[in-house]
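Please read the structure below before turning to the comments.
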Amino acid sequence: MNRSEFRDSLLRVVKHKEHWAWPAFVRGQVARALLPIHLQQEYATYVRDFPVLLGRAYVQCGQRQARRILAERLFELETGSLSGSGPHEDLFLACPRALGMNMARFQEITLLPKAVEFRAVLDRATCDQGWEVAAAVTILFLEGSEGELSEAPLGRRPIPVRPSHQSPSRRRSDTAAALTRAGCALAGPSRREAWHLMLDLVPENARPRVLQWMGLVSRGWQHYRDDVARACGLADSASVSR
């Protein structure tokens, strides 16, 4: 598998990181009382432990250049010092706080069944499949989105959010901004580095294994998001067929 084929295959996986229920969240169609479920499950499934997942790639990596990239990303996630934004876990938690959610509920979270399964897939992918797979599923899949249209996409920056006591339509706008900010809390300042790591530093013989696990993680994520949508009162025939 050459570089171009590998890139196109990775893009196909990441570009399909979209879910039928997401428009309902950003349009304010989810009951406010159920909205915390979404953020709590995201936080407990992988946001809280994201540096640990990425750290597993670092400790397995014997390639000096790749290890430097992973180390810099870890430093940014834990401290926010490179971007001046603060620890990225704190950025994520700022979103439910801005929406007036009970933050005590983020201390003890029970994962939904499919969230448990998805986290198990992430653990298997990052623990013993080599640094290439661990890096791919963290910085490319979890941090990426369907907007990955080139090997050097523009970086995404968090959207400022203020607590709202405005009209319902304005509150829906603030909710959408907060959810978008939460989704971007893990995103690096530049996607160029992530794609450089995958396309230039992952050895050719590891590419099939990377794609295999990217597919497994992608399917697990879809089922996990189906479960979250159902818990938030949403249903769609696409989830049944999957």
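Every chain in the structure tokens has a letter given in the order shown (A, B, ...), and although residue numbers restart at 1 in each chain, ligands are simply numbered from 1 in the order shown.
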Would you kindly return, as a ChimeraX atom specification, each protein, DNA or RNA residue with an atom no farther than 12 Å from any atom of stretch 7-16 of chain A, considering only C-alpha atoms and excluding same-chain residues fewer than 5 positions away?
/A:1-2,133,136-153,194-200,202,204,207-219,221-222
Find the residues around stretch 55-69 of chain A up to 6 Å (only C-alpha atoms counted), leave out those fewer than 6 positions away in its own chain, and share them as an MDAnalysis selection string.
chainID A and resid 126 131 134:135
Between A:Pro36, A:Gly233, A:Gly28, A:Gly220, which is the closest to A:Ala104 once you count only C-alpha atoms?
A:Pro36
Restricting the calculation to only C-alpha atoms, which member of A:Glu193, A:Met101, A:Tyr46, A:Asn205 is positioned closest to A:Glu72?
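Among A:Glu193, A:Met101, A:Tyr46, A:Asn205, it is A:Glu193 that comes nearest to A:Glu72.
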Between atom CA of A:Phe25 and atom CA of A:Pro51, what is the distance, to one decimal in Å?
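Here the two named atoms are 26.6 Å from each other.
The space between atom CA of A:Leu234 and atom CA of A:Ile37 spans 12.3 Å.
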Please, what distance in Å, to one decimal, runs between atom CA of A:Glu76 and atom CA of A:Leu91?
12.1 Å
